[in-house]
Structure formats: structure tokens, C-alpha cells
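Here's data-v7.csv, which has CSV, C-alpha atoms:
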chain,number,residue,atom,x,y,z
A,5,MET,CA,-3.9,-8.0,-25.5
A,6,PRO,CA,-1.8,-10.5,-27.5
A,7,GLN,CA,-3.9,-12.6,-29.8
A,8,GLY,CA,-1.8,-15.7,-29.1
A,9,GLN,CA,-0.7,-16.1,-32.6
A,10,PRO,CA,3.0,-16.6,-33.4
A,11,ALA,CA,4.5,-14.2,-36.0
A,12,SER,CA,6.0,-17.2,-37.9
A,13,VAL,CA,6.2,-20.9,-37.7
A,14,PRO,CA,9.7,-22.2,-37.4
A,15,ASP,CA,11.0,-25.2,-39.3
A,16,ASP,CA,12.1,-27.1,-36.1
A,17,GLY,CA,10.4,-30.4,-36.6
A,18,LEU,CA,8.2,-29.9,-33.6
A,19,THR,CA,4.4,-30.1,-33.5
A,20,THR,CA,2.5,-27.0,-32.4
A,21,ARG,CA,1.8,-28.7,-29.1
A,22,GLN,CA,5.4,-29.7,-28.5
A,23,ARG,CA,6.5,-26.1,-29.3
A,24,ARG,CA,3.8,-24.6,-27.1
A,25,ASP,CA,4.6,-26.7,-24.1
A,26,ARG,CA,8.4,-26.1,-24.2
A,27,PRO,CA,9.6,-25.0,-20.8
A,28,LEU,CA,10.5,-21.3,-20.6
A,29,VAL,CA,13.2,-19.2,-19.2
A,30,VAL,CA,11.6,-15.9,-18.4
A,31,VAL,CA,13.6,-12.8,-17.4
A,32,HIS,CA,12.2,-9.6,-15.9
A,33,THR,CA,14.8,-6.9,-15.9
A,34,GLY,CA,15.1,-3.1,-16.2
A,35,ILE,CA,15.1,-0.3,-13.6
A,36,GLY,CA,11.3,0.1,-13.5
A,37,LYS,CA,8.9,-1.4,-10.9
A,38,GLY,CA,7.2,-4.7,-11.4
A,39,LYS,CA,9.9,-7.1,-12.1
A,40,SER,CA,9.3,-9.2,-9.0
A,41,THR,CA,5.7,-8.4,-8.6
A,42,ALA,CA,5.1,-9.7,-12.2
A,43,ALA,CA,7.0,-12.9,-11.3
A,44,PHE,CA,4.8,-13.4,-8.3
A,45,GLY,CA,1.8,-12.8,-10.5
A,46,LEU,CA,3.1,-15.6,-12.7
A,47,ALA,CA,3.5,-17.8,-9.7
A,48,LEU,CA,-0.3,-17.3,-9.1
A,49,ARG,CA,-1.0,-18.7,-12.5
A,50,GLY,CA,1.3,-21.7,-11.9
A,51,TRP,CA,-0.2,-22.3,-8.5
A,52,ALA,CA,-3.7,-22.3,-10.0
A,53,GLN,CA,-2.4,-25.0,-12.5
A,54,GLY,CA,-1.4,-27.1,-9.6
A,55,TRP,CA,2.3,-26.7,-10.3
A,56,PRO,CA,4.9,-27.1,-7.5
A,57,ILE,CA,6.3,-23.6,-7.0
A,58,GLY,CA,9.8,-23.0,-5.7
A,59,VAL,CA,10.7,-19.4,-4.7
A,60,PHE,CA,14.4,-18.6,-4.2
A,61,GLN,CA,14.9,-15.1,-2.7
A,62,PHE,CA,18.4,-14.1,-3.6
A,63,VAL,CA,18.7,-10.8,-1.8
A,64,LYS,CA,18.3,-10.4,1.9
A,65,SER,CA,15.9,-7.7,3.1
A,66,ALA,CA,14.1,-7.0,6.3
A,67,LYS,CA,10.8,-6.1,4.7
A,68,TRP,CA,10.9,-6.8,1.0
A,69,LYS,CA,8.6,-9.5,-0.3
A,70,VAL,CA,7.0,-10.0,3.1
A,71,GLY,CA,3.6,-9.6,1.5
A,72,GLU,CA,4.3,-12.0,-1.4
A,73,GLU,CA,5.7,-14.5,1.1
A,74,ALA,CA,2.7,-14.3,3.3
A,75,ALA,CA,0.3,-14.7,0.4
A,76,LEU,CA,2.3,-17.5,-1.4
A,77,ARG,CA,2.7,-19.4,1.9
A,78,ALA,CA,-1.1,-19.0,2.5
A,79,LEU,CA,-1.7,-20.5,-1.0
A,80,GLY,CA,0.7,-23.3,-0.1
A,81,ARG,CA,-1.4,-24.0,3.0
A,82,VAL,CA,-4.6,-23.9,0.9
A,83,HIS,CA,-3.0,-26.6,-1.3
A,84,ALA,CA,-2.0,-28.7,1.7
A,85,GLU,CA,-5.4,-28.5,3.3
A,86,THR,CA,-7.8,-28.7,0.3
A,87,GLY,CA,-5.7,-30.0,-2.6
A,88,ALA,CA,-6.5,-26.8,-4.7
A,89,GLY,CA,-3.6,-25.3,-6.5
A,90,GLY,CA,0.0,-26.5,-6.0
A,91,PRO,CA,2.5,-26.7,-3.2
A,92,VAL,CA,4.7,-23.7,-2.5
A,93,THR,CA,8.3,-23.8,-1.1
A,94,TRP,CA,9.9,-20.5,-0.1
A,95,ASN,CA,13.6,-20.4,0.2
A,96,LYS,CA,15.2,-17.3,1.7
A,97,MET,CA,18.7,-16.1,1.5
A,98,GLY,CA,20.2,-14.7,4.7
A,99,GLU,CA,18.1,-16.9,6.9
A,100,GLY,CA,20.5,-19.7,6.1
A,101,TRP,CA,18.4,-21.0,3.2
A,102,SER,CA,16.0,-23.6,4.3
A,103,TRP,CA,18.4,-26.5,3.5
A,104,VAL,CA,21.6,-25.2,5.0
A,105,GLN,CA,22.2,-26.3,8.5
A,106,ARG,CA,24.6,-23.5,9.5
A,107,GLN,CA,24.0,-19.7,9.3
A,108,ILE,CA,26.0,-18.1,6.6
A,109,SER,CA,27.2,-14.6,7.2
A,110,ASP,CA,28.8,-14.1,3.8
A,111,SER,CA,26.4,-13.0,1.1
A,112,ALA,CA,28.4,-14.3,-1.8
A,113,GLU,CA,28.7,-17.7,-0.2
A,114,SER,CA,25.1,-17.7,0.7
A,115,ALA,CA,24.1,-16.8,-2.9
A,116,ARG,CA,26.3,-19.6,-4.2
A,117,GLU,CA,24.7,-22.1,-1.8
A,118,GLY,CA,21.3,-21.0,-3.1
A,119,TRP,CA,22.4,-21.6,-6.6
A,120,GLU,CA,23.7,-25.0,-5.8
A,121,GLN,CA,20.3,-25.9,-4.3
A,122,VAL,CA,18.6,-24.6,-7.5
A,123,LYS,CA,20.9,-26.8,-9.5
A,124,ARG,CA,20.0,-29.9,-7.3
A,125,ASP,CA,16.3,-29.1,-7.6
A,126,LEU,CA,16.5,-28.6,-11.4
A,127,ALA,CA,18.3,-31.9,-11.7
A,128,ALA,CA,15.7,-33.6,-9.6
A,129,ALA,CA,12.8,-31.7,-11.3
A,130,THR,CA,11.5,-30.7,-7.9
A,131,TYR,CA,9.4,-27.8,-9.1
A,132,THR,CA,7.5,-26.9,-12.3
A,133,LEU,CA,8.0,-23.1,-11.7
A,134,TYR,CA,11.2,-21.7,-10.2
A,135,LEU,CA,11.1,-18.1,-9.2
A,136,LEU,CA,14.8,-16.9,-8.8
A,137,ASP,CA,14.1,-13.5,-7.3
A,138,GLU,CA,16.8,-10.9,-7.7
A,139,PHE,CA,19.1,-13.6,-9.1
A,140,THR,CA,20.6,-11.2,-11.6
A,141,TYR,CA,22.6,-9.5,-8.8
A,142,PRO,CA,24.7,-12.6,-7.8
A,143,MET,CA,25.5,-13.0,-11.6
A,144,LYS,CA,26.3,-9.3,-12.0
A,145,TRP,CA,28.5,-9.3,-8.9
A,146,GLY,CA,30.4,-12.4,-10.1
A,147,TRP,CA,29.2,-14.5,-7.2
A,148,VAL,CA,27.6,-17.0,-9.5
A,149,ASP,CA,29.0,-17.8,-13.0
A,150,THR,CA,26.6,-16.6,-15.7
A,151,ALA,CA,27.9,-19.1,-18.2
A,152,GLU,CA,27.2,-21.9,-15.8
A,153,VAL,CA,23.7,-20.6,-15.1
A,154,VAL,CA,23.0,-20.5,-18.9
A,155,GLU,CA,24.4,-24.1,-19.4
A,156,VAL,CA,22.4,-25.5,-16.4
A,157,LEU,CA,19.2,-23.8,-17.7
A,158,ARG,CA,19.9,-25.1,-21.3
A,159,THR,CA,20.3,-28.7,-20.1
A,160,ARG,CA,17.6,-28.8,-17.4
A,161,PRO,CA,15.4,-31.9,-17.7
A,162,GLY,CA,11.7,-32.1,-18.2
A,163,ARG,CA,9.3,-29.3,-18.2
A,164,GLN,CA,10.6,-26.7,-15.7
A,165,HIS,CA,9.9,-23.0,-16.1
A,166,VAL,CA,12.4,-20.6,-14.6
A,167,VAL,CA,11.7,-17.0,-13.9
A,168,ILE,CA,14.6,-14.7,-13.1
A,169,THR,CA,14.2,-11.1,-11.9
A,170,GLY,CA,16.5,-8.2,-11.2
A,171,ARG,CA,18.2,-5.2,-12.9
A,172,ASP,CA,21.1,-5.6,-15.3
A,173,ALA,CA,20.4,-9.1,-16.6
A,174,PRO,CA,23.6,-10.3,-18.2
A,175,PRO,CA,23.5,-10.3,-22.0
A,176,GLU,CA,24.2,-14.1,-22.1
A,177,LEU,CA,21.2,-14.7,-19.9
A,178,ILE,CA,19.0,-12.6,-22.1
A,179,GLU,CA,20.3,-14.4,-25.2
A,180,ALA,CA,19.4,-17.8,-23.6
A,181,ALA,CA,16.0,-16.7,-22.3
A,182,ASP,CA,12.7,-17.3,-24.2
A,183,LEU,CA,10.8,-14.4,-22.8
A,184,VAL,CA,12.4,-11.1,-21.7
A,185,THR,CA,10.5,-8.1,-20.4
A,186,GLU,CA,12.2,-4.8,-19.5
A,187,MET,CA,10.4,-2.8,-16.9
A,188,THR,CA,11.0,0.9,-17.7
A,189,LYS,CA,10.4,3.6,-15.2
A,190,VAL,CA,8.2,6.3,-16.6
A,191,LYS,CA,7.3,8.0,-13.3
A,192,HIS,CA,7.9,7.1,-9.7
A,193,PRO,CA,6.6,8.8,-6.5
A,194,MET,CA,10.1,8.9,-5.1
A,195,ASP,CA,10.8,11.5,-7.8
A,196,ALA,CA,8.2,13.6,-6.1
A,197,GLY,CA,9.9,13.2,-2.8
A,198,GLN,CA,7.6,10.4,-1.6
A,199,LYS,CA,9.2,7.4,0.3
A,200,GLY,CA,8.1,3.8,-0.2
A,201,GLN,CA,5.1,2.7,1.6
A,202,ARG,CA,3.8,-0.5,3.1
A,203,GLY,CA,1.5,-2.5,0.8
A,204,ILE,CA,3.0,-0.9,-2.3
A,205,GLU,CA,6.8,-1.3,-2.0
A,206,TRP,CA,6.7,-4.4,0.2
B,8,MET,CA,17.0,-2.6,-5.7
B,9,PRO,CA,15.6,0.9,-4.9
B,10,GLN,CA,17.1,2.3,-1.8
B,11,GLY,CA,13.9,3.8,-0.7
B,12,GLN,CA,15.3,7.3,-0.7
B,13,PRO,CA,13.6,10.1,-2.6
B,14,ALA,CA,15.8,12.1,-5.0
B,15,SER,CA,14.5,15.4,-3.5
B,16,VAL,CA,12.3,16.6,-0.7
B,17,PRO,CA,9.4,18.8,-2.0
B,18,ASP,CA,8.3,22.0,-0.3
B,19,ASP,CA,4.7,20.8,0.0
B,20,GLY,CA,4.1,21.4,3.7
B,21,LEU,CA,3.6,17.6,4.3
B,22,THR,CA,5.5,15.5,6.9
B,23,THR,CA,7.5,12.6,5.6
B,24,ARG,CA,4.8,10.2,6.9
B,25,GLN,CA,2.0,12.2,5.3
B,26,ARG,CA,3.8,12.2,2.0
B,27,ARG,CA,4.7,8.5,2.3
B,28,ASP,CA,1.2,7.4,3.0
B,29,ARG,CA,-0.5,9.3,0.2
B,30,PRO,CA,-2.7,7.1,-1.9
B,31,LEU,CA,-1.2,6.2,-5.2
B,32,VAL,CA,-2.5,5.9,-8.8
B,33,VAL,CA,-0.3,3.2,-10.4
B,34,VAL,CA,-0.3,2.6,-14.2
B,35,HIS,CA,1.3,-0.5,-15.9
B,36,THR,CA,1.4,0.1,-19.6
B,37,GLY,CA,3.5,-0.8,-22.7
B,38,ILE,CA,3.4,-3.7,-25.1
B,39,GLY,CA,5.5,-6.1,-23.0
B,40,LYS,CA,4.3,-8.8,-20.7
B,41,GLY,CA,3.8,-8.3,-17.0
B,42,LYS,CA,1.4,-5.4,-16.8
B,43,SER,CA,-1.4,-7.4,-15.2
B,44,THR,CA,0.8,-10.0,-13.5
B,45,ALA,CA,2.6,-7.2,-11.7
B,46,ALA,CA,-0.7,-5.7,-10.7
B,47,PHE,CA,-1.8,-9.0,-9.2
B,48,GLY,CA,1.6,-9.2,-7.5
B,49,LEU,CA,0.8,-5.8,-5.9
B,50,ALA,CA,-2.5,-7.2,-4.8
B,51,LEU,CA,-0.6,-9.9,-2.9
B,52,ARG,CA,1.2,-7.2,-0.9
B,53,GLY,CA,-2.1,-5.4,-0.2
B,54,TRP,CA,-3.8,-8.6,0.8
B,55,ALA,CA,-1.0,-9.4,3.2
B,56,GLN,CA,-1.5,-5.9,4.8
B,57,GLY,CA,-5.1,-6.8,5.4
B,58,TRP,CA,-6.4,-4.4,2.8
B,59,PRO,CA,-9.8,-5.0,1.1
B,60,ILE,CA,-9.0,-5.7,-2.5
B,61,GLY,CA,-11.4,-4.9,-5.4
B,62,VAL,CA,-10.5,-6.4,-8.8
B,63,PHE,CA,-12.3,-5.1,-11.8
B,64,GLN,CA,-11.6,-7.1,-14.9
B,65,PHE,CA,-12.5,-4.8,-17.8
B,66,VAL,CA,-11.9,-7.2,-20.8
B,67,LYS,CA,-13.8,-10.4,-21.3
B,68,SER,CA,-11.9,-13.5,-22.0
B,69,ALA,CA,-12.5,-17.2,-21.7
B,70,LYS,CA,-9.2,-18.0,-20.1
B,71,TRP,CA,-7.2,-14.9,-19.2
B,72,LYS,CA,-6.7,-14.3,-15.6
B,73,VAL,CA,-8.3,-17.6,-14.5
B,74,GLY,CA,-5.1,-18.4,-12.5
B,75,GLU,CA,-5.0,-15.1,-10.8
B,76,GLU,CA,-8.7,-15.3,-10.1
B,77,ALA,CA,-8.4,-18.8,-8.6
B,78,ALA,CA,-5.5,-17.6,-6.4
B,79,LEU,CA,-7.0,-14.3,-5.3
B,80,ARG,CA,-10.3,-15.9,-4.5
B,81,ALA,CA,-8.5,-18.6,-2.5
B,82,LEU,CA,-6.8,-15.8,-0.6
B,83,GLY,CA,-10.2,-14.2,0.0
B,84,ARG,CA,-11.4,-17.5,1.5
B,85,VAL,CA,-8.3,-17.6,3.7
B,86,HIS,CA,-9.2,-14.2,5.0
B,87,ALA,CA,-12.9,-15.2,5.6
B,88,GLU,CA,-11.9,-18.4,7.4
B,89,THR,CA,-8.8,-17.4,9.4
B,90,GLY,CA,-8.8,-13.6,9.4
B,91,ALA,CA,-5.3,-13.5,7.8
B,92,GLY,CA,-4.8,-11.0,5.0
B,93,GLY,CA,-7.7,-9.0,3.6
B,94,PRO,CA,-11.0,-9.7,1.8
B,95,VAL,CA,-11.0,-10.0,-2.0
B,96,THR,CA,-13.8,-9.0,-4.3
B,97,TRP,CA,-13.6,-10.1,-8.0
B,98,ASN,CA,-15.8,-8.2,-10.5
B,99,LYS,CA,-15.8,-9.5,-14.0
B,100,MET,CA,-17.0,-7.8,-17.2
B,101,GLY,CA,-19.0,-9.9,-19.6
B,102,GLU,CA,-20.5,-11.9,-16.8
B,103,GLY,CA,-22.9,-9.1,-16.0
B,104,TRP,CA,-20.6,-7.6,-13.4
B,105,SER,CA,-21.4,-8.9,-10.0
B,106,TRP,CA,-23.7,-6.0,-9.2
B,107,VAL,CA,-25.7,-5.8,-12.4
B,108,GLN,CA,-28.9,-7.8,-12.3
B,109,ARG,CA,-29.3,-8.2,-16.1
B,110,GLN,CA,-26.9,-9.6,-18.6
B,111,ILE,CA,-25.3,-6.9,-20.8
B,112,SER,CA,-24.4,-7.9,-24.3
B,113,ASP,CA,-22.8,-4.6,-25.3
B,114,SER,CA,-19.1,-4.3,-24.3
B,115,ALA,CA,-19.1,-0.5,-24.3
B,116,GLU,CA,-22.1,-0.4,-22.0
B,117,SER,CA,-20.7,-3.1,-19.8
B,118,ALA,CA,-17.4,-1.2,-19.4
B,119,ARG,CA,-19.4,1.9,-18.6
B,120,GLU,CA,-21.4,0.0,-16.0
B,121,GLY,CA,-18.1,-1.2,-14.5
B,122,TRP,CA,-16.7,2.3,-14.3
B,123,GLU,CA,-19.9,3.5,-12.6
B,124,GLN,CA,-19.5,0.8,-10.0
B,125,VAL,CA,-15.8,1.8,-9.5
B,126,LYS,CA,-17.0,5.4,-9.0
B,127,ARG,CA,-19.6,4.3,-6.4
B,128,ASP,CA,-16.9,2.1,-4.6
B,129,LEU,CA,-14.4,5.0,-4.6
B,130,ALA,CA,-17.0,7.4,-3.2
B,131,ALA,CA,-17.8,4.9,-0.5
B,132,ALA,CA,-14.2,3.9,0.1
B,133,THR,CA,-15.1,0.3,-0.3
B,134,TYR,CA,-11.5,-1.0,-1.0
B,135,THR,CA,-8.0,0.1,-0.1
B,136,LEU,CA,-6.6,-1.4,-3.4
B,137,TYR,CA,-8.5,-1.2,-6.7
B,138,LEU,CA,-7.1,-3.3,-9.6
B,139,LEU,CA,-8.7,-1.9,-12.8
B,140,ASP,CA,-7.4,-4.6,-15.1
B,141,GLU,CA,-7.2,-3.7,-18.8
B,142,PHE,CA,-9.0,-0.4,-18.0
B,143,THR,CA,-6.9,1.5,-20.5
B,144,TYR,CA,-8.9,0.0,-23.4
B,145,PRO,CA,-12.3,1.4,-22.5
B,146,MET,CA,-10.6,4.8,-22.3
B,147,LYS,CA,-8.7,4.3,-25.5
B,148,TRP,CA,-11.9,3.2,-27.3
B,149,GLY,CA,-13.8,6.2,-26.0
B,150,TRP,CA,-16.2,4.1,-24.0
B,151,VAL,CA,-15.2,5.8,-20.8
B,152,ASP,CA,-14.2,9.5,-20.6
B,153,THR,CA,-10.5,9.8,-19.6
B,154,ALA,CA,-11.0,13.3,-18.3
B,155,GLU,CA,-13.7,12.0,-16.0
B,156,VAL,CA,-11.5,9.1,-14.8
B,157,VAL,CA,-8.7,11.6,-14.0
B,158,GLU,CA,-11.1,13.9,-12.1
B,159,VAL,CA,-12.6,11.0,-10.1
B,160,LEU,CA,-9.2,9.7,-9.2
B,161,ARG,CA,-8.0,13.2,-8.2
B,162,THR,CA,-10.9,13.8,-5.9
B,163,ARG,CA,-11.3,10.3,-4.4
B,164,PRO,CA,-11.6,10.3,-0.6
B,165,GLY,CA,-9.4,8.7,2.0
B,166,ARG,CA,-6.5,6.4,1.3
B,167,GLN,CA,-7.4,4.3,-1.7
B,168,HIS,CA,-4.7,3.0,-4.1
B,169,VAL,CA,-5.8,2.5,-7.7
B,170,VAL,CA,-3.8,0.3,-10.2
B,171,ILE,CA,-4.7,0.5,-13.9
B,172,THR,CA,-3.3,-1.8,-16.5
B,173,GLY,CA,-3.3,-2.0,-20.3
B,174,ARG,CA,-1.5,-0.9,-23.4
B,175,ASP,CA,-1.7,2.7,-24.6
B,176,ALA,CA,-2.5,4.4,-21.3
B,177,PRO,CA,-3.8,7.9,-22.2
B,178,PRO,CA,-1.3,10.7,-21.7
B,179,GLU,CA,-3.7,12.5,-19.3
B,180,LEU,CA,-3.8,9.4,-17.1
B,181,ILE,CA,0.0,9.1,-17.1
B,182,GLU,CA,0.1,12.7,-16.2
B,183,ALA,CA,-2.2,12.2,-13.3
B,184,ALA,CA,-0.6,9.0,-12.1
B,185,ASP,CA,2.0,8.7,-9.3
B,186,LEU,CA,3.8,5.6,-10.5
B,187,VAL,CA,4.0,4.6,-14.1
B,188,THR,CA,5.9,1.6,-15.4
B,189,GLU,CA,6.2,0.7,-19.1
B,190,MET,CA,6.6,-3.0,-19.8
B,191,THR,CA,8.8,-3.3,-22.9
B,192,LYS,CA,9.1,-6.4,-24.9
B,193,VAL,CA,12.7,-7.5,-25.4
B,194,LYS,CA,12.0,-11.1,-26.5
B,195,HIS,CA,8.9,-13.2,-26.7
B,196,PRO,CA,8.5,-16.9,-27.4
B,197,MET,CA,5.8,-16.1,-30.0
B,198,ASP,CA,8.6,-14.5,-32.0
B,199,ALA,CA,10.1,-18.0,-32.2
B,200,GLY,CA,6.8,-19.5,-33.4
B,201,GLN,CA,5.7,-20.6,-29.9
B,202,LYS,CA,2.1,-20.2,-28.9
B,203,GLY,CA,0.9,-19.2,-25.5
B,204,GLN,CA,0.8,-21.9,-22.9
B,205,ARG,CA,-1.2,-22.7,-19.8
B,206,GLY,CA,0.3,-21.5,-16.5
B,207,ILE,CA,2.3,-18.8,-18.3
B,208,GLU,CA,-0.1,-16.9,-20.5
B,209,TRP,CA,-3.2,-17.5,-18.3

Before anything else, please render the file you have as C-alpha cells.
Amino acid sequence: MPQGQPASVPDDGLTTRQRRDRPLVVVHTGIGKGKSTAAFGLALRGWAQGWPIGVFQFVKSAKWKVGEEAALRALGRVHAETGAGGPVTWNKMGEGWSWVQRQISDSAESAREGWEQVKRDLAAATYTLYLLDEFTYPMKWGWVDTAEVVEVLRTRPGRQHVVITGRDAPPELIEAADLVTEMTKVKHPMDAGQKGQRGIEW
Amino acid sequence: MPQGQPASVPDDGLTTRQRRDRPLVVVHTGIGKGKSTAAFGLALRGWAQGWPIGVFQFVKSAKWKVGEEAALRALGRVHAETGAGGPVTWNKMGEGWSWVQRQISDSAESAREGWEQVKRDLAAATYTLYLLDEFTYPMKWGWVDTAEVVEVLRTRPGRQHVVITGRDAPPELIEAADLVTEMTKVKHPMDAGQKGQRGIEW
């Protein structure tokens, strides 16, 4: 229950309002559960504010995030039909990304294409909230250059919030981020021999 | 990216399916961000499975969770109108809880009333996913007896998942839980003198 009060007031020449409304880079990392789920929870808040939400799913999976995708797409339809909330765009790796005309079989190339699209959208200020899900992995694996990511985020125009999830966030990204949470595993049912189940793991 | 494989297979006489489909008690604790947002992200997964979702908001606040509430209620309406997803019931402390006819001014009594309702719903198997948001505080403050909570959870009928969020989860609850994640603060904009902002903090 944070009280919403900063620990100190910096000497940066900004008003409280200017400082408060600065766009954020948010990172959810660590080996615990909840990195992506918390990011999708943030997307709910942004949706309720009427923000255009852009989800970029950087790791291909048959069943992961199907629940979040169904729910976010439903919220996007609510916006289209009633005007409530904001529009939602869901971009998925491994299905050719929505903007790529050809099917890409190479994961590294697909991740790079996804990042190129994120760069174009940031330059055009397409969304207010970007959810780059599992985006730490393309950085970790060297498919996308972390220094470039940091520079693109640092110089992005306007008020665009960017949430990045995944284990092993690069130190340069953590350094550049405004809000970093590490999800730590305390106890997991797989430790007790229980496999992942529908509705909980996906 | 968990691989979905348990570290060991217990000698508990259960089949893999029985073990996998066991109802879970999930706890999100720690001082970092994302405890509630991750719980609401889980609610999206449950919703997409068609599960009846019961949210119980145990701490009163003017603005917290307004985004989540708007989005979850919108998803509830999607279910009512199209049959997609599951029904959503949102119960809020400080607004008399939905089932209490009189207004309660005392927070401790209100929390206890909320817990009594959760007990009734668990006994009746009203929901498949219970989100007891900020429920660690009534336990921490002694308004609700932790031993009773653990016993009620242990003996709940059917397949009902319960997610509990909040700082300082009692050790007995952690012991009883199946999945516990601690959200650890690595970096927060309030440290840099930035106040909470709409769409991010609520």
C-alpha cells in the first residue's frame, strides 16, 4: 500500500505534474511468476484510461497468453463497439507478426522484425502503452541489440509507456528503466510435482 | 519461460491429471509492484476459460483498482451479452460489500463481513477463481484469524482457485499456499521524486 509520496524531490526543474506524467519504462523480471500477468494487469489500467494499447508477444507458444489475448481482444472490441476504454492491437511473433506479409521461420529474424515494428510505432507514437512481452530474451540471446533498445527508449517522443517482461533483463535496460520489479519464486506447485494447468499457467 | 515440467514426481497416489488439476492457493506478496496487477492478469486467464470470477477488494480506496474494475466489469458484460468468457462479480469493501444491506463504517468489521461472504461462497462453490485483493492486511492487523483462513482454504470443496495479494503475507498462509511469488522492488519512480500517475498506479 504505497502512500504515493516520493522519498525526495529532485532538483530537475520540473513541476510535480510534469514529473508525475513522465512516460515510464517498466521492467518485470526475475524467475518468479507474475511478470507477464502483472504487465497485462497494467494493460487493464491503461485500457480503462482509454489508452491505445499495443501488445507485442516476442516468444512463440501454442498456448501461452491465450487467455490474456482473448480478454484483451474482447476489451478492444468493447472499445470499438461502445467507445469505452481504449483500442487494443495484438501483435504475435511466429504468426508472421501482423504487419509482415511473409511467414518467417527464423525466430531471430522474426524477433528483429518485431523490434523494427516497435521502433516504427514508437516514432509514430502509435500507442500510449506498449507491452513488449518476453522481450528480454531477444536481447539476452543477442538477436536485438540492447544498447539500441535503450537508446530508442530514451529518445522516444511524446508520452509513451513501455513495459518489458522476461527473465534476465540486461543490466543496461534495468539502468535505463524507471520502474523495475523482480518477481521472486517463493514456492511453486511444480516443486510439488504438479504440472501447469489451464487458467493458471495460460 | 518455465518448461512446464515438474522437478520431481511425488508418491501421492494421484494421476498426473489429478495432480495437475488440483485447485491452487496463490499468494502474491512482497513490497514490490505487481502483486494485484498480476492477480488481475490471472483473472483474465480464468475469464477466458469461462470461469466464474469473484473479486473481493479488501482495502477501501478512492482510486485504486478503478482501471481493473472497469475492465473486469466490461469483460463480465461481454460474457453476459455474448457468452464469451466467464461471469465477473466485483465485491468492494467500504461500499457496504454488495451483499450487506447496511453501510458499515468500521473497517475491521467490514473486512470480517467480507471474509464471512468469502466463506459462504467457498462453501457454495460460487466461483472458480477468487481474487482476495489486499487480504493479507486484515490478517496482519488481526481482523481476520489467519488460522481460520488456512483451515477454510484447506477444506474448501471442489475446484476453486484462490489468489490472495498484499504485503507481509502471514507465514502460516505461505506454508498453506501452493504458489507464492514475492514481488521485490528493484527501482521505483517515487525514488526519483516522481509521484504515482493515472494508468500506471491505478

Distance of atom CA of Leu183 of chain A from atom CA of Ile35 of chain A, expressed in Å to one decimal place: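 These two atoms are separated by 17.4 Å.
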
Need the shell around segment 163-165 of chain A: protein/DNA/RNA residues with any atom at most 8 Å away, counting all atoms listed in the file. Skip same-chain ones fewer than 5 positions apart. Format as a CSV table (one decimal) with C-alpha atoms, in the coordinates of the input?
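selection30.csv, freshly written:
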chain,number,residue,atom,x,y,z
A,25,ASP,CA,4.6,-26.7,-24.1
A,26,ARG,CA,8.4,-26.1,-24.2
A,27,PRO,CA,9.6,-25.0,-20.8
A,28,LEU,CA,10.5,-21.3,-20.6
A,29,VAL,CA,13.2,-19.2,-19.2
A,30,VAL,CA,11.6,-15.9,-18.4
A,126,LEU,CA,16.5,-28.6,-11.4
A,129,ALA,CA,12.8,-31.7,-11.3
A,131,TYR,CA,9.4,-27.8,-9.1
A,132,THR,CA,7.5,-26.9,-12.3
A,133,LEU,CA,8.0,-23.1,-11.7
A,134,TYR,CA,11.2,-21.7,-10.2

Pairwise distance for atom CA of Ser43 of chain B and atom CA of Ala43 of chain A, rounded to one decimal in Å: 10.8 Å

Residues within 12 Å of (-9.9, -15.8, -0.5), counting all atoms listed in the file, listed as number ranges by chain: A: 75, 78-79, 82; B: 51, 54-55, 57, 59-60, 75-97

Distance in Å - atom CA of Pro175 of chain A versus atom CA of Thr150 of chain A: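 Atom CA of Thr150 of chain A lies 9.4 Å from atom CA of Pro175 of chain A.
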
Among listed residues A:Val166, A:Thr41, A:Arg158, A:Met187, nearest Phe60 of chain A (using only C-alpha atoms): A:Val166

All residues 9 Å or closer to Trp148 of chain B, only C-alpha atoms, same chain fewer than 4 positions away omitted, as a list of chain:residue names: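 Selected residues are B:Ala115, B:Thr143, B:Tyr144.
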
Within-8 Å shell of (12.5, -1.4, -15.0) in input frame, all atoms listed in the file, as a list in words: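 Every polymer residue passing the test: Thr33, Gly34, Ile35, Gly36, Lys37, Gly38, Lys39, Arg171, Glu186, Met187, Thr188 and Lys189 of chain A; Thr188, Glu189 and Met190 of chain B.
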
How would the residues just chosen look if you wrote them out with C-alpha atoms as an mmCIF file, in the frame of the given file?
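Contents of out_36.cif, as written:
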data_model
loop_
_atom_site.group_PDB
_atom_site.id
_atom_site.type_symbol
_atom_site.label_atom_id
_atom_site.label_comp_id
_atom_site.auth_asym_id
_atom_site.auth_seq_id
_atom_site.Cartn_x
_atom_site.Cartn_y
_atom_site.Cartn_z
ATOM 1 C CA THR A 33 14.800 -6.900 -15.900
ATOM 2 C CA GLY A 34 15.100 -3.100 -16.200
ATOM 3 C CA ILE A 35 15.100 -0.300 -13.600
ATOM 4 C CA GLY A 36 11.300 0.100 -13.500
ATOM 5 C CA LYS A 37 8.900 -1.400 -10.900
ATOM 6 C CA GLY A 38 7.200 -4.700 -11.400
ATOM 7 C CA LYS A 39 9.900 -7.100 -12.100
ATOM 8 C CA ARG A 171 18.200 -5.200 -12.900
ATOM 9 C CA GLU A 186 12.200 -4.800 -19.500
ATOM 10 C CA MET A 187 10.400 -2.800 -16.900
ATOM 11 C CA THR A 188 11.000 0.900 -17.700
ATOM 12 C CA LYS A 189 10.400 3.600 -15.200
ATOM 13 C CA THR B 188 5.900 1.600 -15.400
ATOM 14 C CA GLU B 189 6.200 0.700 -19.100
ATOM 15 C CA MET B 190 6.600 -3.000 -19.800
#

Which residue of A:Asp182, A:Glu176, A:Lys96, A:Gly71 approaches Leu135 of chain A most closely, using all atoms listed in the file: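 Answer, going by the shortest atom-to-atom distance: A:Lys96.
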
Selected residue, from B:Gly20, B:Gly165, B:Gly53, B:Gly149, that lies nearest to chain A when counting all atoms listed in the file: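 Once distances to chain A are computed over all atoms listed in the file, the minimum belongs to B:Gly53.
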
Distance criterion (all atoms listed in the file): nearest to chain B out of A:Glu155, A:Asp149, A:Asp137, A:Asp110: A:Asp137

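With only C-alpha atoms as the atoms that count, the minimum distance from Phe142 of chain B to the choices B:Met100, B:Val66, B:Val187, B:Val157 is reached by B:Val66.
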
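You can rank B:Ser114, B:Glu141, B:Val159, B:Val62 by their closest distance to chain A using all atoms listed in the file, and at the top of that list sits B:Glu141.
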